[in-house]
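A quick write-up on the structure given underneath.
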Amino acid sequence: MLRNSALVSPKAACLSRFRKFGAFVKGLALASVILSAQLITASHSFAGLFEISSTDVSIVNAPANEIHSQPQSPTFVSKALKQTSGQSPSAKDSTQIKPLVRFHAWGGSAQVNSYLQWVAGQISQRFNIELQHVKLADTSDAVSRVLAEKAAGNNDNGSVDLIWINGENFAAMKKHDLLAKGWVEELDHFALTRPEKNSAMVTDFGEPTLGMEAPWGKASMVFYYRSAHMKALDAMPPQTINELLRFSQKAPGRFTYPVPSDYLGISFIKYAAIALNGDKQSLFYQPVTEQSLQAVLPALWAYLDQLHPTMWQQGEYMLRQASQLQRLVGTGELTLAFSFTAAEIPSAVNRFDLPDDVRTYAMQDGSLANVHFVGLTYNSKNKAAAKTVVNFLLSPEAQAKKQKLAVWGDDTVLDMASLTKAQTMLFDDDTVHNSALDKSQSTVLLAEPHASWTDKLREAWYKRYGARY
């Protein structure tokens, strides 16, 4: 027994020490959790005191002479824009933070990105606001983010302040109350669009904007072609949707369009549907119904059934992204293509992405056209600063620079009759480019259908033709 007891005793002692050590570790872990919670609470209190949020970490280390905050009132928008580039901001309170405005916008254009860099510099210099361009591959990504924040109860500290938007994305944000309402009328420069005379400034794909978004620019569908190819084919650029079919039949493989999950692909489908249903065009400007959809689809299917076999890759394989159209024209595989940004064609020629024999024009039976907007999210914490940014985007100076072919070439939303002579002179542009659209020629514009048509046409197309990529 003594021998056995001697053997057990060290084990028992060891187990006893192990239990004590385990209890010590548990206690230490519990203390760590409590301390962490206290630190988090303290940090939240500190952040609340100085209005610092986790999404604004990038501005915490701003130089002391740039620390500033703007009052959250409608009158701030008018007062702030009275500053000029030659005026320095007033003295700053070192305990306040320079407001950050995050502008979520498509980042697929070098011209757009460069223009927004210029805007950011002007905004910083004139109004002491930091403008951050958050580049998007798809606008719906930002819409989904705001929707997720609302679902999580984040109603006053969102990660998206401004969003470049229109069409079905606007309809979705409007449906889910993701945008601030009635703020556009507060902007001094919004009056220069003359919304009372121009319903396009307050209507987005058939949806009333209700002051949720401010107009920013106008765009329309244009076609472009290789003139050397046309000469070799002894062909003329097609001027209507039906002439396009005849051209593709004469020159098979020289034209295509992206699948309708791409914005340019669905734009082509909408253009074709409207142009082929001339006697039913009024249907497109009302919310879609199954009856109205079935009324317009037969003409569209009859046309596409003939067009697809004549297209690049016999229509069995189609492009997934609009940018690939330009690449195929540049390599000579395509003769004819189209875009929703006329200015990108001469710009691509200047960059040697397209050859210098490319020419741009508009179809005579109509160009699908729309206004694009800037929305303000309902949960932005810097609404006053964001409004100042949008008001500057609508200023004659910013609109004139954006319209210049060498900058962006995006048509202004301002009504020229509302501008002073000096403001009108800002829009004078002597730039001439052989590949640019001739804006002296009149163009029939086809307004975008009601937003509800987009998904229905896309779904119907995939149901009939399936995935082709």
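By convention in this document, the chains of the structure tokens carry letters A, B, ... by their order, each chain's residues are numbered from 1, and ligands are numbered from 1 in the order they are shown.
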
Q: Fewer than 4 positions away in the same chain doesn't count, so skip those; otherwise give me all residues within 12 Å of Ala200 in chain A, counting only C-alpha atoms, as a PyMOL selection string.
A: chain A and resi 166+193-196+204-209+214-218+369-373+413-415+447-448

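Residues lying within 8 Å of Glu168 in chain A, counting only C-alpha atoms and ignoring same-chain neighbours fewer than 3 positions away, are Ala171, Ala172, Phe205, Ala451, Ser452 and Thr454 of chain A.
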
Output the selection as an mmCIF file, in the first residue's frame - N, CA and C atoms for each residue.
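The resulting out_5.cif:
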```
data_model
loop_
_atom_site.group_PDB
_atom_site.id
_atom_site.type_symbol
_atom_site.label_atom_id
_atom_site.label_comp_id
_atom_site.auth_asym_id
_atom_site.auth_seq_id
_atom_site.Cartn_x
_atom_site.Cartn_y
_atom_site.Cartn_z
ATOM 1 N N ALA A 171 -34.037 52.508 -59.609
ATOM 2 C CA ALA A 171 -35.345 51.952 -59.252
ATOM 3 C C ALA A 171 -35.240 51.063 -58.020
ATOM 4 N N ALA A 172 -34.165 50.272 -57.934
ATOM 5 C CA ALA A 172 -33.976 49.387 -56.780
ATOM 6 C C ALA A 172 -33.735 50.193 -55.507
ATOM 7 N N PHE A 205 -35.439 56.727 -66.368
ATOM 8 C CA PHE A 205 -36.019 55.506 -66.955
ATOM 9 C C PHE A 205 -37.501 55.385 -66.590
ATOM 10 N N ALA A 451 -37.841 51.554 -66.327
ATOM 11 C CA ALA A 451 -36.825 50.678 -65.743
ATOM 12 C C ALA A 451 -37.277 49.221 -65.648
ATOM 13 N N SER A 452 -38.561 48.989 -65.530
ATOM 14 C CA SER A 452 -39.055 47.621 -65.368
ATOM 15 C C SER A 452 -38.844 46.765 -66.615
ATOM 16 N N THR A 454 -36.067 46.499 -68.382
ATOM 17 C CA THR A 454 -34.711 45.983 -68.511
ATOM 18 C C THR A 454 -34.615 44.512 -68.126
#
```

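Rounded to one decimal, CA of Ile97 in chain A and CA of Leu131 in chain A lie 13.8 Å from each other.
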
Q. Rounded to one decimal in Å, what is the spacing between CA of Asp429 in chain A and CA of Ala110 in chain A?
A. 20.5 Å

Q.
Just checking: using only C-alpha atoms, which residue out of A:Ser159, A:Thr256, A:Ser114, A:Ser261 ends up closest to Tyr317 in chain A?
A. A:Thr256

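Each of A:Glu344, A:Asp305, A:Asp188, A:Asp177 was checked against Gly108 in chain A using only C-alpha atoms; the smallest atom-to-atom distance is that of A:Glu344.
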
Q. Which residues come within 10 Å of Gly278 in chain A, counting only C-alpha atoms, excluding same-chain residues fewer than 4 positions away, as a ChimeraX atom specification?
A. /A:273-274,282,296,365

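The coordinates place CA of Ala385 in chain A at 16.3 Å from CA of Phe190 in chain A.
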
(Q) For the strand (DSSP E or B) assignment from backbone DSSP, which residues of range 88-205 of chain A qualify? Please present them as a ChimeraX atom specification. (A) /A:100-106,130-136,162-165,179,203-204

Save out the residues we just selected, C-alpha atoms, as a PDB file, in the first residue's frame.
```
ATOM      1  CA  LEU A 100     -14.701  62.728 -46.392  1.00  0.00           C
ATOM      2  CA  VAL A 101     -17.169  62.165 -49.236  1.00  0.00           C
ATOM      3  CA  ARG A 102     -16.968  58.738 -50.857  1.00  0.00           C
ATOM      4  CA  PHE A 103     -18.195  58.829 -54.443  1.00  0.00           C
ATOM      5  CA  HIS A 104     -18.909  55.309 -55.684  1.00  0.00           C
ATOM      6  CA  ALA A 105     -18.702  55.449 -59.474  1.00  0.00           C
ATOM      7  CA  TRP A 106     -17.843  53.163 -62.358  1.00  0.00           C
ATOM      8  CA  GLU A 130     -11.875  65.226 -49.278  1.00  0.00           C
ATOM      9  CA  LEU A 131     -13.512  63.502 -52.247  1.00  0.00           C
ATOM     10  CA  GLN A 132     -12.656  59.837 -52.690  1.00  0.00           C
ATOM     11  CA  HIS A 133     -13.540  58.078 -55.951  1.00  0.00           C
ATOM     12  CA  VAL A 134     -14.403  54.482 -55.085  1.00  0.00           C
ATOM     13  CA  LYS A 135     -14.066  52.719 -58.441  1.00  0.00           C
ATOM     14  CA  LEU A 136     -16.763  50.172 -59.261  1.00  0.00           C
ATOM     15  CA  LEU A 162     -22.624  59.520 -53.354  1.00  0.00           C
ATOM     16  CA  ILE A 163     -23.303  57.046 -56.139  1.00  0.00           C
ATOM     17  CA  TRP A 164     -23.278  57.457 -59.931  1.00  0.00           C
ATOM     18  CA  ILE A 165     -26.515  55.816 -60.904  1.00  0.00           C
ATOM     19  CA  LEU A 179     -31.565  57.381 -51.030  1.00  0.00           C
ATOM     20  CA  THR A 203     -37.268  61.367 -64.533  1.00  0.00           C
ATOM     21  CA  ASP A 204     -34.994  58.328 -64.591  1.00  0.00           C
TER      22      ASP A 204
END
```

**Q.** Every residue of range 258-312 of chain A that DSSP places in helix (DSSP H, G or I), as a ChimeraX atom specification
**A.** /A:263-276,278-285,290-310,312

Export N, CA and C atoms of the chosen residues as a tab-separated table (two decimals), in the first residue's frame?
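Saved the output as part.tsv:
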```tsv
chain	number	residue	atom	x	y	z
A	263	TYR	N	-24.22	46.04	-69.79
A	263	TYR	CA	-25.09	47.21	-69.98
A	263	TYR	C	-25.21	47.60	-71.45
A	264	LEU	N	-24.13	47.43	-72.23
A	264	LEU	CA	-24.19	47.79	-73.65
A	264	LEU	C	-24.97	46.74	-74.43
A	265	GLY	N	-24.90	45.49	-73.98
A	265	GLY	CA	-25.67	44.44	-74.62
A	265	GLY	C	-27.16	44.66	-74.46
A	266	ILE	N	-27.61	44.95	-73.25
A	266	ILE	CA	-29.04	45.18	-73.03
A	266	ILE	C	-29.48	46.48	-73.69
A	267	SER	N	-28.56	47.44	-73.82
A	267	SER	CA	-28.89	48.69	-74.52
A	267	SER	C	-29.20	48.41	-75.99
A	268	PHE	N	-28.42	47.52	-76.61
A	268	PHE	CA	-28.70	47.18	-78.00
A	268	PHE	C	-30.06	46.50	-78.12
A	269	ILE	N	-30.38	45.61	-77.20
A	269	ILE	CA	-31.68	44.93	-77.23
A	269	ILE	C	-32.82	45.95	-77.11
A	270	LYS	N	-32.66	46.92	-76.22
A	270	LYS	CA	-33.71	47.94	-76.05
A	270	LYS	C	-33.84	48.80	-77.30
A	271	TYR	N	-32.70	49.19	-77.88
A	271	TYR	CA	-32.76	49.98	-79.12
A	271	TYR	C	-33.47	49.21	-80.22
A	272	ALA	N	-33.11	47.94	-80.40
A	272	ALA	CA	-33.72	47.13	-81.44
A	272	ALA	C	-35.22	46.96	-81.19
A	273	ALA	N	-35.60	46.68	-79.94
A	273	ALA	CA	-37.00	46.47	-79.61
A	273	ALA	C	-37.84	47.72	-79.90
A	274	ILE	N	-37.33	48.89	-79.53
A	274	ILE	CA	-38.07	50.13	-79.77
A	274	ILE	C	-38.14	50.44	-81.26
A	275	ALA	N	-37.00	50.33	-81.95
A	275	ALA	CA	-36.96	50.68	-83.38
A	275	ALA	C	-37.81	49.73	-84.22
A	276	LEU	N	-37.91	48.47	-83.82
A	276	LEU	CA	-38.66	47.47	-84.59
A	276	LEU	C	-40.16	47.49	-84.27
A	278	GLY	N	-42.27	50.39	-84.02
A	278	GLY	CA	-42.61	51.79	-84.14
A	278	GLY	C	-44.04	52.13	-83.76
A	279	ASP	N	-44.97	51.21	-84.03
A	279	ASP	CA	-46.38	51.47	-83.72
A	279	ASP	C	-46.73	51.14	-82.28
A	280	LYS	N	-45.78	50.61	-81.53
A	280	LYS	CA	-46.05	50.23	-80.15
A	280	LYS	C	-45.10	50.91	-79.17
A	281	GLN	N	-44.41	51.95	-79.61
A	281	GLN	CA	-43.38	52.54	-78.77
A	281	GLN	C	-43.90	53.09	-77.45
A	282	SER	N	-45.14	53.50	-77.39
A	282	SER	CA	-45.69	54.05	-76.14
A	282	SER	C	-45.69	53.01	-75.02
A	283	LEU	N	-45.71	51.71	-75.39
A	283	LEU	CA	-45.72	50.66	-74.37
A	283	LEU	C	-44.45	50.67	-73.54
A	284	PHE	N	-43.34	51.07	-74.16
A	284	PHE	CA	-42.05	51.02	-73.47
A	284	PHE	C	-41.93	52.07	-72.36
A	285	TYR	N	-42.80	53.03	-72.36
A	285	TYR	CA	-42.68	54.12	-71.38
A	285	TYR	C	-43.73	54.02	-70.27
A	290	GLU	N	-47.01	41.54	-68.70
A	290	GLU	CA	-46.82	40.37	-69.54
A	290	GLU	C	-47.45	40.59	-70.91
A	291	GLN	N	-48.56	41.30	-70.93
A	291	GLN	CA	-49.24	41.57	-72.20
A	291	GLN	C	-48.41	42.48	-73.09
A	292	SER	N	-47.86	43.56	-72.51
A	292	SER	CA	-47.06	44.48	-73.33
A	292	SER	C	-45.75	43.83	-73.78
A	293	LEU	N	-45.18	42.98	-72.93
A	293	LEU	CA	-43.95	42.28	-73.30
A	293	LEU	C	-44.20	41.37	-74.50
A	294	GLN	N	-45.26	40.60	-74.45
A	294	GLN	CA	-45.56	39.67	-75.54
A	294	GLN	C	-45.95	40.40	-76.82
A	295	ALA	N	-46.38	41.65	-76.68
A	295	ALA	CA	-46.75	42.42	-77.86
A	295	ALA	C	-45.54	42.86	-78.68
A	296	VAL	N	-44.40	43.06	-78.01
A	296	VAL	CA	-43.22	43.58	-78.72
A	296	VAL	C	-42.18	42.50	-79.04
A	297	LEU	N	-42.24	41.36	-78.36
A	297	LEU	CA	-41.20	40.35	-78.56
A	297	LEU	C	-41.19	39.71	-79.95
A	298	PRO	N	-42.34	39.45	-80.60
A	298	PRO	CA	-42.28	38.78	-81.90
A	298	PRO	C	-41.39	39.49	-82.92
A	299	ALA	N	-41.51	40.81	-83.02
A	299	ALA	CA	-40.68	41.55	-83.98
A	299	ALA	C	-39.21	41.47	-83.60
A	300	LEU	N	-38.91	41.50	-82.30
A	300	LEU	CA	-37.53	41.42	-81.84
A	300	LEU	C	-36.94	40.04	-82.15
A	301	TRP	N	-37.69	38.97	-81.84
A	301	TRP	CA	-37.18	37.62	-82.08
A	301	TRP	C	-36.99	37.36	-83.58
A	302	ALA	N	-37.91	37.82	-84.40
A	302	ALA	CA	-37.79	37.62	-85.84
A	302	ALA	C	-36.51	38.27	-86.37
A	303	TYR	N	-36.18	39.43	-85.82
A	303	TYR	CA	-34.99	40.15	-86.25
A	303	TYR	C	-33.72	39.44	-85.76
A	304	LEU	N	-33.64	39.14	-84.46
A	304	LEU	CA	-32.43	38.54	-83.90
A	304	LEU	C	-32.18	37.14	-84.44
A	305	ASP	N	-33.24	36.40	-84.74
A	305	ASP	CA	-33.08	35.07	-85.32
A	305	ASP	C	-32.34	35.15	-86.66
A	306	GLN	N	-32.55	36.23	-87.40
A	306	GLN	CA	-31.85	36.43	-88.67
A	306	GLN	C	-30.46	37.01	-88.47
A	307	LEU	N	-30.31	37.90	-87.46
A	307	LEU	CA	-29.04	38.59	-87.25
A	307	LEU	C	-27.96	37.66	-86.68
A	308	HIS	N	-28.31	36.87	-85.69
A	308	HIS	CA	-27.30	36.08	-84.96
A	308	HIS	C	-26.41	35.21	-85.85
A	309	PRO	N	-26.95	34.46	-86.82
A	309	PRO	CA	-26.07	33.61	-87.63
A	309	PRO	C	-25.08	34.39	-88.49
A	310	THR	N	-25.34	35.70	-88.70
A	310	THR	CA	-24.44	36.51	-89.53
A	310	THR	C	-23.38	37.22	-88.70
A	312	TRP	N	-20.31	37.87	-85.67
A	312	TRP	CA	-19.00	37.32	-85.30
A	312	TRP	C	-19.20	36.00	-84.55
```
